[in-house]
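What follows is the content of upload.cif (mmCIF, C-alpha atoms).
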data_run
#
loop_
_atom_site.label_atom_id
_atom_site.label_comp_id
_atom_site.auth_asym_id
_atom_site.auth_seq_id
_atom_site.Cartn_x
_atom_site.Cartn_y
_atom_site.Cartn_z
CA MET A 1 -2.56 -19.88 60.14
CA LEU A 2 0.68 -19.10 61.92
CA ASP A 3 0.24 -22.28 63.93
CA ILE A 4 0.00 -24.26 60.73
CA ILE A 5 3.15 -22.66 59.34
CA LYS A 6 4.89 -23.11 62.64
CA SER A 7 3.91 -26.75 62.90
CA TYR A 8 4.93 -27.28 59.27
CA ILE A 9 8.44 -26.07 59.75
CA SER A 10 8.89 -27.51 63.19
CA ASN A 11 10.61 -30.83 63.52
CA GLU A 12 7.57 -32.85 64.60
CA LYS A 13 7.50 -36.53 63.77
CA PHE A 14 3.97 -36.38 62.44
CA TYR A 15 0.81 -34.34 62.73
CA ILE A 16 -2.76 -34.17 61.65
CA ILE A 17 -4.37 -30.83 60.93
CA ILE A 18 -8.12 -30.74 60.84
CA MET A 19 -9.68 -27.79 59.00
CA ASP A 20 -13.28 -26.85 58.22
CA SER A 21 -13.56 -28.86 55.06
CA ALA A 22 -10.22 -30.62 54.78
CA ILE A 23 -7.70 -32.67 56.72
CA TYR A 24 -3.93 -32.58 56.34
CA ILE A 25 -1.70 -35.43 57.50
CA LYS A 26 2.08 -35.29 57.59
CA ASN A 27 4.47 -38.22 57.92
CA TYR A 28 2.03 -41.08 57.85
CA SER A 29 3.49 -44.55 57.67
CA LYS A 30 0.80 -46.35 55.75
CA ILE A 31 -2.70 -45.80 54.46
CA ILE A 32 -4.96 -48.65 55.36
CA ASN A 33 -8.19 -47.35 53.85
CA ILE A 34 -9.66 -44.20 52.36
CA ALA A 35 -13.40 -44.28 51.88
CA ASP A 36 -16.11 -41.62 51.57
CA ASP A 37 -16.86 -41.67 55.30
CA GLU A 38 -13.77 -43.15 56.85
CA ILE A 39 -9.98 -42.94 56.72
CA ILE A 40 -7.79 -45.50 58.49
CA ILE A 41 -4.17 -44.57 58.60
CA GLU A 42 -1.05 -45.80 60.40
CA ILE A 43 1.21 -43.20 61.92
CA SER A 44 4.31 -44.20 63.87
CA GLY A 45 2.97 -47.67 64.65
CA THR A 46 -0.47 -46.45 65.75
CA LEU A 47 -3.66 -46.78 63.77
CA TYR A 48 -5.95 -43.79 63.55
CA LYS A 49 -9.52 -43.84 62.34
CA ILE A 50 -10.96 -40.58 61.08
CA LYS A 51 -14.70 -40.57 60.60
CA GLY A 52 -16.65 -38.02 58.66
CA SER A 53 -18.26 -37.46 55.28
CA SER A 54 -17.43 -36.61 51.67
CA PHE A 55 -13.79 -37.61 51.99
CA SER A 56 -11.75 -37.40 48.77
CA LEU A 57 -8.01 -37.41 48.39
CA THR A 58 -6.75 -34.20 46.81
CA LYS A 59 -3.02 -34.40 47.27
CA SER A 60 -0.43 -37.07 48.03
CA ILE A 61 3.20 -36.00 48.02
CA ASN A 62 5.87 -38.04 49.75
CA ARG A 63 4.42 -38.74 53.21
CA GLU A 64 1.91 -35.94 53.19
CA LEU A 65 -1.77 -36.19 52.46
CA GLU A 66 -4.48 -33.64 51.89
CA ILE A 67 -8.01 -34.91 52.02
CA LYS A 68 -11.16 -32.89 51.37
CA GLY A 69 -14.13 -33.65 53.53
CA TYR A 70 -15.88 -33.04 56.86
CA VAL A 71 -14.38 -34.62 59.95
CA GLU A 72 -16.65 -35.87 62.73
CA SER A 73 -14.18 -37.76 64.91
CA VAL A 74 -10.62 -39.03 65.18
CA ASP A 75 -10.03 -42.26 67.13
CA LYS A 76 -6.94 -44.22 68.01
CA LEU A 77 -7.33 -47.92 67.29
CA MET B 1 4.61 -32.10 35.32
CA ILE B 2 1.77 -33.68 33.45
CA LEU B 3 -1.97 -33.50 33.81
CA ILE B 4 -3.68 -36.81 33.14
CA ARG B 5 -7.25 -38.05 33.08
CA VAL B 6 -7.94 -41.40 34.68
CA HIS B 7 -10.98 -43.22 33.45
CA LYS B 8 -12.16 -46.44 35.09
CA GLU B 9 -11.08 -47.94 38.38
CA CYS B 10 -10.26 -44.57 39.90
CA LYS B 11 -10.23 -45.77 43.51
CA ARG B 12 -7.96 -48.62 42.62
CA PHE B 13 -5.74 -46.12 40.83
CA ILE B 14 -5.35 -44.02 43.97
CA SER B 15 -4.70 -47.07 46.16
CA LYS B 16 -2.03 -48.34 43.79
CA CYS B 17 -0.33 -44.94 43.67
CA LEU B 18 -0.41 -44.55 47.43
CA LYS B 19 0.89 -48.05 47.92
CA HIS B 20 3.84 -47.42 45.61
CA ASN B 21 4.49 -43.93 47.00
CA ILE B 22 3.81 -42.23 43.70
CA ASN B 23 3.22 -38.55 44.25
CA LEU B 24 -0.13 -37.20 43.17
CA ILE B 25 0.29 -33.42 43.18
CA THR B 26 -3.37 -32.58 42.75
CA ILE B 27 -6.39 -34.80 42.42
CA LYS B 28 -9.76 -33.59 41.19
CA SER B 29 -12.93 -35.40 40.26
CA ASP B 30 -14.59 -34.85 36.95
CA LYS B 31 -17.83 -36.83 36.89
CA ASP B 32 -16.56 -40.42 37.05
CA ASP B 33 -12.99 -39.55 36.07
CA LEU B 34 -10.04 -38.24 37.99
CA ILE B 35 -7.89 -35.34 36.81
CA VAL B 36 -4.46 -35.83 38.37
CA LYS B 37 -1.27 -33.82 38.17
CA ILE B 38 1.85 -35.97 38.35
CA HIS B 39 5.58 -35.70 37.75
CA ASP B 40 6.90 -36.50 34.25
CA ASN B 41 9.03 -39.32 35.63
CA ASP B 42 6.13 -41.10 37.27
CA LEU B 43 4.04 -41.43 34.14
CA GLU B 44 5.63 -44.64 32.91
CA GLU B 45 5.24 -46.39 36.23
CA ILE B 46 1.68 -45.16 36.66
CA VAL B 47 0.73 -46.53 33.26
CA ARG B 48 2.46 -49.79 34.04
CA LEU B 49 0.81 -50.22 37.43
CA ASN B 50 -2.65 -49.06 36.37
CA TYR B 51 -3.08 -51.01 33.20
CA TYR B 52 -6.79 -51.51 34.00
CA SER B 53 -7.46 -47.78 33.92
CA GLN B 54 -7.59 -45.65 30.84
CA ILE B 55 -5.02 -42.91 31.25
CA GLU B 56 -5.06 -39.96 28.91
CA ILE B 57 -2.52 -37.13 28.92
CA ILE B 58 -4.31 -33.80 28.95
CA LYS B 59 -1.38 -31.44 28.97
CA TYR B 60 2.24 -30.92 29.85
CA TYR B 61 3.41 -28.16 32.11
CA GLY B 62 6.65 -26.20 31.97
CA ILE B 63 8.99 -25.79 29.01
CA LYS B 64 8.04 -29.15 27.57
CA GLY B 65 4.41 -28.09 27.56
CA VAL B 66 5.27 -24.83 25.84
CA LEU B 67 7.36 -26.57 23.18
CA LEU B 68 4.66 -29.13 22.53
CA ASN B 69 2.08 -26.41 22.25
CA LEU B 70 4.30 -24.53 19.81
CA ARG B 71 4.76 -27.63 17.72
CA LYS B 72 1.06 -28.40 17.72
CA TYR B 73 -0.03 -24.92 16.78
CA PHE B 74 3.07 -23.95 14.79
CA PHE B 75 1.16 -23.03 11.68
CA ASP B 76 -1.33 -20.93 13.65
CA TYR B 77 1.44 -19.05 15.44
CA ILE B 78 3.20 -18.41 12.16
CA MET B 79 -0.02 -17.11 10.61
CA LEU B 80 -0.60 -14.91 13.65
CA LEU B 81 2.91 -13.51 13.39
CA ILE B 82 2.49 -12.84 9.67
CA PHE B 83 -0.84 -11.20 10.35
CA LEU B 84 0.64 -8.93 13.01
CA ILE B 85 3.54 -7.96 10.78
CA ALA B 86 1.18 -7.32 7.86
CA LEU B 87 -1.08 -5.31 10.12
CA TYR B 88 1.85 -3.20 11.23
CA PHE B 89 2.92 -2.50 7.68
CA ILE B 90 -0.57 -1.91 6.37
CA SER B 91 -1.34 0.54 9.13
CA ASN B 92 1.80 2.44 8.18
CA ILE B 93 0.91 2.60 4.50
CA ILE B 94 -0.67 5.78 3.22
CA ILE B 95 -3.90 5.11 1.36
CA LYS B 96 -5.20 8.61 0.76
CA ILE B 97 -3.97 12.16 0.31
CA ASP B 98 -6.38 14.98 1.15
CA ILE B 99 -5.43 18.33 -0.35
CA ASN B 100 -7.41 21.14 1.26
CA HIS B 101 -8.07 23.91 -1.24
CA GLU B 102 -11.05 25.11 -3.23
CA ASN B 103 -9.17 25.62 -6.48
CA THR B 104 -9.21 22.31 -8.40
CA ALA B 105 -6.45 23.33 -10.83
CA LEU B 106 -4.14 24.30 -7.99
CA LYS B 107 -4.93 21.08 -6.18
CA GLU B 108 -3.89 19.08 -9.22
CA ARG B 109 -0.73 21.10 -9.59
CA VAL B 110 0.18 20.60 -5.94
CA ASN B 111 -0.62 16.91 -6.25
CA GLY B 112 1.89 16.65 -9.09
CA LEU B 113 4.55 18.35 -6.96
CA LEU B 114 3.84 16.00 -4.08
CA ILE B 115 4.21 12.95 -6.31
CA GLU B 116 7.60 14.22 -7.47
CA LYS B 117 8.69 14.32 -3.84
CA GLY B 118 7.41 10.83 -3.09
CA ILE B 119 4.21 11.84 -1.35
CA GLU B 120 1.67 9.55 -2.93
CA VAL B 121 -0.74 6.78 -2.05
CA PHE B 122 0.44 3.25 -1.31
CA THR B 123 3.81 4.37 0.00
CA TYR B 124 5.27 3.88 3.45
CA ARG B 125 4.53 6.75 5.77
CA LYS B 126 7.17 9.38 6.30
CA ASP B 127 7.92 10.86 9.69
CA ILE B 128 7.14 14.44 10.62
CA THR B 129 10.68 15.68 10.00
CA ASP B 130 10.69 14.39 6.44
CA LEU B 131 7.23 15.81 5.78
CA ASN B 132 8.33 19.24 6.99
CA GLU B 133 11.44 19.11 4.82
CA ILE B 134 9.38 18.15 1.81
CA SER B 135 6.77 20.86 2.33
CA ASN B 136 9.51 23.49 2.81
CA ALA B 137 11.28 22.32 -0.33
CA ILE B 138 8.08 22.49 -2.39
CA VAL B 139 7.33 26.03 -1.19
CA GLU B 140 10.94 27.07 -1.86
CA GLU B 141 10.84 25.72 -5.40
CA ASN B 142 7.42 27.17 -6.18
CA LYS B 143 7.48 30.58 -4.59
CA ASP B 144 5.64 32.04 -7.56
CA PHE B 145 2.35 30.48 -6.53
CA LEU B 146 2.87 28.99 -3.08
CA ASP B 147 3.08 31.00 0.11
CA TRP B 148 2.92 28.24 2.66
CA MET B 149 2.32 24.48 2.83
CA SER B 150 1.91 21.86 5.53
CA ILE B 151 1.71 18.08 5.28
CA ASN B 152 0.37 16.16 8.26
CA ARG B 153 -0.21 12.47 8.70
CA VAL B 154 -3.59 11.54 10.16
CA GLY B 155 -3.92 7.79 10.47
CA MET B 156 -3.41 6.29 7.04
CA LYS B 157 -3.69 9.53 5.10
CA TYR B 158 -1.79 12.72 4.54
CA VAL B 159 -3.64 16.00 4.95
CA VAL B 160 -2.06 18.71 2.83
CA SER B 161 -2.90 22.36 3.34
CA PHE B 162 -1.41 25.25 1.43
CA GLU B 163 -1.89 28.94 0.81
CA GLU B 164 -1.63 30.42 -2.60
CA ARG B 165 0.68 33.37 -3.11
CA ILE B 166 -1.41 36.27 -4.31
CA ILE B 167 0.52 38.49 -6.68
CA ASN B 168 -0.86 42.00 -6.41
CA ASP B 169 -2.15 43.68 -9.53
CA ILE B 170 0.35 46.03 -11.07
CA SER B 171 -2.42 48.59 -11.15
CA GLU B 172 -2.73 48.49 -7.37
CA GLU B 173 1.00 48.88 -6.96
CA SER B 174 1.72 51.73 -9.37
CA GLY B 175 -1.66 53.11 -10.56
CA ASN B 176 -0.62 54.04 -14.14
CA CYS B 177 -0.62 51.68 -17.07
CA HIS B 178 -1.82 51.28 -20.64
CA ILE B 179 -2.98 48.17 -22.46
CA VAL B 180 -0.81 47.90 -25.55
CA ALA B 181 -0.70 45.41 -28.42
CA LYS B 182 1.89 42.69 -27.91
CA LYS B 183 1.84 41.79 -31.61
CA ASP B 184 0.38 42.99 -34.92
CA GLY B 185 -3.25 42.14 -35.50
CA VAL B 186 -6.80 43.19 -36.26
CA ILE B 187 -9.01 43.92 -33.27
CA THR B 188 -11.94 41.50 -33.03
CA LYS B 189 -13.11 42.29 -29.53
CA ILE B 190 -12.33 45.02 -27.02
CA VAL B 191 -13.83 45.43 -23.57
CA ALA B 192 -12.32 48.08 -21.30
CA ASP B 193 -12.78 47.74 -17.55
CA HIS B 194 -10.63 50.77 -16.76
CA GLY B 195 -9.19 53.36 -19.11
CA VAL B 196 -10.17 54.80 -22.48
CA THR B 197 -10.29 52.70 -25.66
CA LEU B 198 -8.37 54.28 -28.49
CA VAL B 199 -9.18 51.75 -31.19
CA GLU B 200 -12.29 49.98 -32.40
CA LYS B 201 -13.21 46.53 -33.58
CA GLY B 202 -11.78 45.97 -37.04
CA ASP B 203 -8.85 48.36 -36.57
CA TYR B 204 -5.41 47.12 -37.44
CA VAL B 205 -2.86 47.61 -34.63
CA ARG B 206 0.86 47.12 -34.61
CA GLU B 207 2.99 45.84 -31.82
CA GLY B 208 3.29 48.51 -29.13
CA ASP B 209 0.18 50.49 -30.12
CA ILE B 210 -1.90 51.68 -27.18
CA ILE B 211 -5.29 50.00 -27.30
CA ILE B 212 -6.72 51.07 -23.93
CA SER B 213 -5.15 54.20 -22.49
CA GLY B 214 -4.61 54.88 -18.81
CA GLU B 215 -4.85 58.63 -19.36
CA ILE B 216 -8.31 60.13 -18.98
CA THR B 217 -8.38 63.19 -21.27
CA LEU B 218 -10.88 65.94 -21.94
CA ASN B 219 -10.29 68.47 -24.69
CA GLU B 220 -6.86 67.02 -25.22
CA GLU B 221 -5.95 67.66 -21.62
CA VAL B 222 -5.06 64.80 -19.29
CA LYS B 223 -7.45 65.05 -16.38
CA ASP B 224 -6.65 61.88 -14.59
CA THR B 225 -4.62 58.71 -14.87
CA THR B 226 -5.43 55.14 -14.04
CA CYS B 227 -4.19 51.66 -14.75
CA ALA B 228 -6.07 50.52 -17.83
CA SER B 229 -7.48 47.02 -17.83
CA GLY B 230 -9.73 45.01 -20.06
CA GLU B 231 -9.91 42.28 -22.63
CA VAL B 232 -8.48 42.70 -26.08
CA LEU B 233 -8.82 39.97 -28.66
CA GLY B 234 -7.36 40.26 -32.11
CA GLU B 235 -6.84 38.32 -35.26
CA THR B 236 -3.24 37.36 -35.85
CA TRP B 237 -1.56 35.11 -38.37
CA TYR B 238 1.19 32.56 -38.43
CA LYS B 239 3.03 30.48 -40.97
CA VAL B 240 3.64 26.88 -39.96
CA ASN B 241 5.81 24.30 -41.74
CA ILE B 242 4.97 20.67 -41.15
CA THR B 243 6.05 17.30 -42.53
CA VAL B 244 3.86 14.20 -42.22
CA PRO B 245 5.07 10.71 -43.15
CA PHE B 246 2.70 8.49 -45.14
CA ALA B 247 3.67 5.36 -43.25
CA TYR B 248 2.28 4.85 -39.78
CA GLN B 249 1.62 2.08 -37.35
CA ASP B 250 -1.91 1.30 -36.31
CA LYS B 251 -2.35 0.03 -32.79
CA LYS B 252 -5.23 -2.36 -32.19
CA TYR B 253 -5.90 -4.08 -28.87
CA SER B 254 -6.61 -7.80 -28.89
CA ASP B 255 -8.88 -9.51 -26.33
CA LYS B 256 -5.90 -10.83 -24.44
CA SER B 257 -4.76 -9.37 -21.17
CA ARG B 258 -3.30 -10.66 -17.94
CA TYR B 259 -2.09 -9.58 -14.53
CA ASN B 260 1.55 -9.62 -13.59
CA PHE B 261 3.63 -8.80 -10.52
CA TYR B 262 6.61 -6.52 -10.56
CA LEU B 263 9.35 -6.21 -7.95
CA ASN B 264 12.44 -4.03 -8.29
CA GLY B 265 12.79 -4.36 -12.05
CA ASN B 266 11.71 -7.98 -12.35
CA TYR B 267 8.40 -9.44 -13.42
CA PHE B 268 6.97 -12.55 -11.84
CA TYR B 269 5.59 -13.96 -15.09
CA LYS B 270 7.71 -14.06 -18.22
CA LYS B 271 6.94 -11.79 -21.13
CA ASN B 272 4.06 -13.30 -23.06
CA TYR B 273 3.08 -10.61 -25.53
CA ASP B 274 5.20 -8.98 -28.22
CA HIS B 275 3.47 -5.65 -27.70
CA TYR B 276 1.48 -4.63 -24.70
CA ASP B 277 0.40 -1.64 -22.66
CA GLU B 278 0.72 -1.78 -18.94
CA GLU B 279 -1.69 -0.34 -16.42
CA VAL B 280 -0.66 -0.12 -12.76
CA ILE B 281 -3.44 -1.53 -10.58
CA PHE B 282 -1.64 -1.39 -7.27
CA LYS B 283 1.69 0.12 -6.29
CA LEU B 284 3.72 -0.08 -3.09
CA ASP B 285 7.05 1.59 -2.34
CA ILE B 286 8.49 0.33 0.87
CA PHE B 287 12.04 0.58 2.19
CA GLY B 288 13.38 1.20 -1.28
CA ASN B 289 11.54 -1.79 -2.78
CA ASN B 290 9.19 -1.10 -5.61
CA PHE B 291 6.29 -3.55 -5.86
CA LYS B 292 3.47 -3.31 -8.39
CA ILE B 293 0.51 -5.30 -9.64
CA VAL B 294 0.00 -4.48 -13.29
CA LYS B 295 -2.47 -5.37 -16.01
CA GLN B 296 -0.88 -6.05 -19.36
CA LYS B 297 -3.06 -5.62 -22.44
CA GLU B 298 -1.81 -7.02 -25.71
CA TYR B 299 -2.00 -4.98 -28.89
CA GLU B 300 -1.02 -5.59 -32.48
CA LEU B 301 0.78 -3.17 -34.68
CA SER B 302 0.03 -2.95 -38.34
CA ASP B 303 2.07 -1.00 -40.84
CA LEU B 304 -0.28 1.15 -42.85
CA GLN B 305 -0.10 4.05 -45.26
CA TYR B 306 -2.07 7.28 -45.24
CA THR B 307 -3.54 8.43 -48.47
CA LYS B 308 -2.57 11.88 -49.67
CA GLU B 309 -5.87 13.31 -48.44
CA GLU B 310 -5.50 11.71 -45.04
CA ALA B 311 -1.94 12.98 -44.67
CA ARG B 312 -3.04 16.46 -45.65
CA LYS B 313 -5.82 16.38 -43.09
CA ILE B 314 -3.43 15.22 -40.38
CA ALA B 315 -0.98 17.96 -41.29
CA LEU B 316 -3.66 20.62 -40.88
CA GLU B 317 -4.82 19.22 -37.53
CA GLU B 318 -1.34 18.80 -36.21
CA SER B 319 -0.20 22.29 -37.21
CA SER B 320 -3.19 23.87 -35.40
CA LYS B 321 -2.56 21.77 -32.35
CA ARG B 322 1.12 22.67 -32.15
CA LEU B 323 0.42 26.36 -32.68
CA LEU B 324 -2.19 26.49 -29.94
CA GLU B 325 0.18 24.72 -27.57
CA LYS B 326 2.73 27.43 -28.29
CA ILE B 327 0.56 30.55 -28.09
CA GLY B 328 -1.94 29.39 -25.45
CA GLN B 329 -4.97 27.15 -25.39
CA ASN B 330 -7.28 30.15 -24.92
CA SER B 331 -6.76 31.10 -28.59
CA THR B 332 -9.01 29.98 -31.44
CA VAL B 333 -8.00 28.97 -34.96
CA LEU B 334 -10.18 30.89 -37.40
CA GLU B 335 -8.81 29.80 -40.74
CA GLN B 336 -6.13 27.63 -42.31
CA LYS B 337 -4.78 27.92 -45.81
CA VAL B 338 -2.16 25.73 -47.47
CA LEU B 339 0.43 27.99 -49.07
CA LYS B 340 2.72 25.31 -50.37
CA GLU B 341 2.56 21.54 -50.63
CA THR B 342 5.29 19.11 -51.62
CA VAL B 343 4.59 15.38 -51.99
CA ASN B 344 7.65 13.12 -51.67
CA ASN B 345 7.92 9.35 -51.78
CA SER B 346 7.40 8.87 -48.08
CA THR B 347 6.29 12.26 -46.75
CA ILE B 348 4.17 15.27 -47.47
CA GLU B 349 5.52 18.74 -46.64
CA MET B 350 3.19 21.67 -46.21
CA GLU B 351 3.48 25.35 -45.48
CA ILE B 352 0.25 26.46 -43.82
CA PHE B 353 -1.01 29.93 -43.14
CA ILE B 354 -3.12 30.01 -39.96
CA VAL B 355 -5.32 32.86 -38.79
CA VAL B 356 -5.88 32.86 -35.06
CA GLU B 357 -7.93 34.91 -32.64
CA GLU B 358 -5.98 35.47 -29.44
CA ASN B 359 -5.45 37.90 -26.61
CA ILE B 360 -3.12 40.58 -27.94
CA GLY B 361 -3.26 43.04 -25.06
CA THR B 362 -0.52 43.44 -22.50
CA THR B 363 0.00 45.89 -19.66
CA ARG B 364 2.68 48.57 -19.85
CA MET B 365 3.45 50.99 -17.09
CA PHE B 366 3.91 54.68 -17.63
CA GLU B 367 4.83 57.69 -15.57
CA VAL B 368 2.64 60.78 -15.63
CA GLY B 369 3.97 63.17 -18.29
CA GLU B 370 5.84 60.41 -20.14
CA GLU B 371 5.42 60.50 -23.90
CA ILE B 372 4.60 57.14 -25.39
CA ASP B 373 6.28 56.37 -28.71
CA THR B 374 3.85 54.29 -30.64
CA GLU B 375 5.66 54.29 -33.98
#

Can the structure from this file be put into C-alpha cells for me?
Amino acid sequence: MLDIIKSYISNEKFYIIIMDSAIYIKNYSKIINIADDEIIIEISGTLYKIKGSSFSLTKSINRELEIKGYVESVDKL
Amino acid sequence: MILIRVHKECKRFISKCLKHNINLITIKSDKDDLIVKIHDNDLEEIVRLNYYSQIEIIKYYGIKGVLLNLRKYFFDYIMLLIFLIALYFISNIIIKIDINHENTALKERVNGLLIEKGIEVFTYRKDITDLNEISNAIVEENKDFLDWMSINRVGMKYVVSFEERIINDISEESGNCHIVAKKDGVITKIVADHGVTLVEKGDYVREGDIIISGEITLNEEVKDTTCASGEVLGETWYKVNITVPFAYQDKKYSDKSRYNFYLNGNYFYKKNYDHYDEEVIFKLDIFGNNFKIVKQKEYELSDLQYTKEEARKIALEESSKRLLEKIGQNSTVLEQKVLKETVNNSTIEMEIFIVVEENIGTTRMFEVGEEIDTE
C-alpha cells in the first residue's frame, strides 16, 4: 500500500500497477484496444499488451486508467 | 458531477470518450447498460459525440443535485415540514385533565377553578413554573376547602392532585354546645345524635330557643356537658312578591345549522342566521390566539302572550325557585298561597305566602355554668 502511495506521488513518467483483480495505469499515451481478454496500450512510445480475463474499464481520468479484471501477462510489443 | 446511463453501443461510447480524453470518473455495468459518472461540463460533448447511444441523466451531484431534488420534491418537503410543525404543536397541546379525588362535587369545583386559571383541555401546555404558580394561587384563594394542590404535566395531559382542608368539628374543639333555632318555626322532625332534646315534633320554637341541649341533667342537676348535634327540620314561612310579564318570546329551533370557524374575534363565514345558538365543538388557545370550531343552530323567536292562568302558574313556580335558591336547595316547599294578586295591562303582580320545611338548627357554644337567655 505504501509503495502504491509512494509511486503515486513520486515523479515517475508512467507506471502500471497490477493488483489481484484490477490494473492501474498512469500516464499512458494512447489506448489502442480494450477488450475482455486483452488491453493494448501505448506508453512513452512503447506498446504494451496486457493479457488476462474479465477486463472492464472502471475509471478514466486525464491520463490515468483503472481497469477491473485478472491479469495473466504483460508483454512489450 | 452527473451520473448518466448509457444504453446501446457502450463499447463505442468508451472508445469515443477515451479518444477525446473525456474523463469518466466511474464506470459500472448494469446488464447491457453502463452507469457512468462524468463532469457537468463534459455532458454536452459526450451527447454530441455519442449520438448513437441513448444517454439518460440519472442524477446530479453536489449543490445542483440538491437544488434539483428540492425543486422536484418541493411539495413533499413542504408537507413534511408542515407535518413536523403540526406534530410539535399537537404534542404540546393538552387533551385531558385528570383530577385525582374521590369526591365528585369537589372535583367539579376544582375543575371550575382550573378553568378560570387557564388550565383546560385544548390549550398549549404550560411549563412547570407556571403550573406551580397557578396551583399555589388556587390554594391561596380557596383556603377554606383546599389544603394543598399540585398540577403535573404527563405527556398530553395534566394530572391534578389536591387535599381537602378538613375543618374540625366545633364539638371536638370546645366540647360544649347547644343546637338552637336559627329562625321561628314549627318542628317537623328532630333527631338528636348527642345531647338532650327539649322540644318535640309539632312544637313552635322561636329564634334562639334551645332545641337540643348540650347539658345532661338529672333531677334538675347538670351531670355532664357535651356538644349537642343532630338534625332539626322545621316548618317556616315566607312572603314573596313577584311580577310576571304577559309578553314573552318563544324560542323554536329550525332544522338549519352549520359549522363555522372563529379566530380572535372574527368568524370565517359571514353571519347567516338572524338568531342562533352557538356550541363550541373544538377550542384551541395558543400563544394568545383563540381558535374555535363552532356549530351554529338557527332558532326563531315568536312574540307570544301568556294567559292569566299561565302567568299565575309561572309566578308560583318562579317564586318557589327563587326562595329555594336563597335559603338552600335542601329545603322543601310545602304549600303556597296567593295573598294578593294585581292584574295590569302587561304584567301580573302577586304576593305569595310560602310554607317551607328547612333545617332550622344551628350550633351555639356555651361555657359550663353560663345561663342561656332564651327569651

Expected answer as a ChimeraX atom specification: chain A residues within 12 Å of chain B, only C-alpha atoms: /A:28-36,41,55-68

Excluding same-chain residues fewer than 2 positions from range 316-327 of chain B, what lies within 8 Å of it counting all atoms listed in the file, as a PDB file with C-alpha atoms, keeping the file's coordinate frame?
ATOM      1  CA  VAL B 240       3.640  26.880 -39.960  1.00  0.00           C
ATOM      2  CA  ASN B 241       5.810  24.300 -41.740  1.00  0.00           C
ATOM      3  CA  ILE B 242       4.970  20.670 -41.150  1.00  0.00           C
ATOM      4  CA  ARG B 312      -3.040  16.460 -45.650  1.00  0.00           C
ATOM      5  CA  LYS B 313      -5.820  16.380 -43.090  1.00  0.00           C
ATOM      6  CA  ILE B 314      -3.430  15.220 -40.380  1.00  0.00           C
ATOM      7  CA  GLN B 329      -4.970  27.150 -25.390  1.00  0.00           C
ATOM      8  CA  SER B 331      -6.760  31.100 -28.590  1.00  0.00           C
ATOM      9  CA  THR B 332      -9.010  29.980 -31.440  1.00  0.00           C
ATOM     10  CA  VAL B 333      -8.000  28.970 -34.960  1.00  0.00           C
ATOM     11  CA  GLN B 336      -6.130  27.630 -42.310  1.00  0.00           C
ATOM     12  CA  ILE B 352       0.250  26.460 -43.820  1.00  0.00           C
ATOM     13  CA  ILE B 354      -3.120  30.010 -39.960  1.00  0.00           C
TER      14      ILE B 354
END

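When you apply the PyMOL selection byres ((chain A and resi 23) around 8) to this structure, what comes back is Ile16, Ile17, Ile18, Met19, Ser21, Ala22, Tyr24, Ile25, Glu66, Ile67, Lys68, Gly69 and Val71 of chain A.
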
Determine, counting all atoms listed in the file, which protein, DNA and RNA residues have an atom within 6 Å of an atom of range 44-53 of chain A; residues of the same chain fewer than 3 positions away are not included. Present the result as a compact mmCIF listing (two decimals) with C-alpha atoms, keeping the file's coordinate frame.
# COMPACT_ATOMS: atom_id res chain seq x y z
CA ASP A 36 -16.11 -41.62 51.57
CA ASP A 37 -16.86 -41.67 55.30
CA GLU A 38 -13.77 -43.15 56.85
CA ILE A 39 -9.98 -42.94 56.72
CA ILE A 40 -7.79 -45.50 58.49
CA ILE A 41 -4.17 -44.57 58.60
CA GLY A 69 -14.13 -33.65 53.53
CA TYR A 70 -15.88 -33.04 56.86
CA VAL A 71 -14.38 -34.62 59.95
CA GLU A 72 -16.65 -35.87 62.73
CA SER A 73 -14.18 -37.76 64.91
CA VAL A 74 -10.62 -39.03 65.18
CA ASP A 75 -10.03 -42.26 67.13
CA LYS A 76 -6.94 -44.22 68.01
CA LEU A 77 -7.33 -47.92 67.29

Adding 3 Å on each side of the box along x, y and z that holds all listed atoms of range 12-23 of chain A, could you give its centre and edge lengths in Å to one decimal, as lines of an AutoDock Vina configuration file?
center_x = -3.0
center_y = -31.7
center_z = 59.7
size_x = 27.1
size_y = 15.7
size_z = 15.8

Would you mind telling me which residue in B:Phe13, B:Leu198, B:Arg153, B:Asp130 lies nearest to Gln54 in chain B when using all atoms listed in the file? B:Phe13

Hits from the PyMOL selection byres ((chain B and resi 45) around 12), listed as a ChimeraX atom specification: /B:13,16-17,20-23,38-44,46-51,55

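Among the candidates B:Thr188, B:Gly361, B:Lys308, B:Glu120, the residue lying nearest to Ser229 in chain B is B:Gly361 (atoms considered: all atoms listed in the file).
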
Tell me, in Å to one decimal, how far CA of Lys183 in chain B is from CA of Phe145 in chain B. 27.5 Å

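Taking CA of Glu56 in chain B as the reference point, CA of Val6 in chain B is found at 6.6 Å.
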
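Ranking B:Asp224, B:Gly234, B:Arg206, B:Thr362 by their shortest atom-to-atom distance to Val186 in chain B, with all atoms listed in the file included, puts B:Gly234 first.
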
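One distance worth recording is that between CA of Lys292 in chain B and CA of Leu84 in chain B, which is 22.3 Å.
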
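Protein, DNA and RNA residues at most 12 Å from (-4.5, 23.4, -4.8), with only C-alpha atoms, are these: Asp98, Ile99, Asn100, His101, Glu102, Asn103, Thr104, Ala105, Leu106, Lys107, Glu108, Arg109, Val110, Asn111, Gly112, Leu113, Leu114, Phe145, Leu146, Asp147, Trp148, Met149, Val160, Ser161, Phe162, Glu163, Glu164 and Arg165 of chain B.
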
Once you count only C-alpha atoms, which residues end up no further than 12 Å from (3.4, 4.9, -39.6) in the file's frame, shown as a CSV table (one decimal) with C-alpha atoms, keeping the file's coordinate frame?
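File written: result.csv
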chain,number,residue,atom,x,y,z
B,244,VAL,CA,3.9,14.2,-42.2
B,245,PRO,CA,5.1,10.7,-43.2
B,246,PHE,CA,2.7,8.5,-45.1
B,247,ALA,CA,3.7,5.4,-43.2
B,248,TYR,CA,2.3,4.8,-39.8
B,249,GLN,CA,1.6,2.1,-37.4
B,250,ASP,CA,-1.9,1.3,-36.3
B,251,LYS,CA,-2.4,0.0,-32.8
B,301,LEU,CA,0.8,-3.2,-34.7
B,302,SER,CA,0.0,-3.0,-38.3
B,303,ASP,CA,2.1,-1.0,-40.8
B,304,LEU,CA,-0.3,1.2,-42.8
B,305,GLN,CA,-0.1,4.0,-45.3
B,306,TYR,CA,-2.1,7.3,-45.2
B,307,THR,CA,-3.5,8.4,-48.5
B,311,ALA,CA,-1.9,13.0,-44.7
B,346,SER,CA,7.4,8.9,-48.1
B,347,THR,CA,6.3,12.3,-46.8
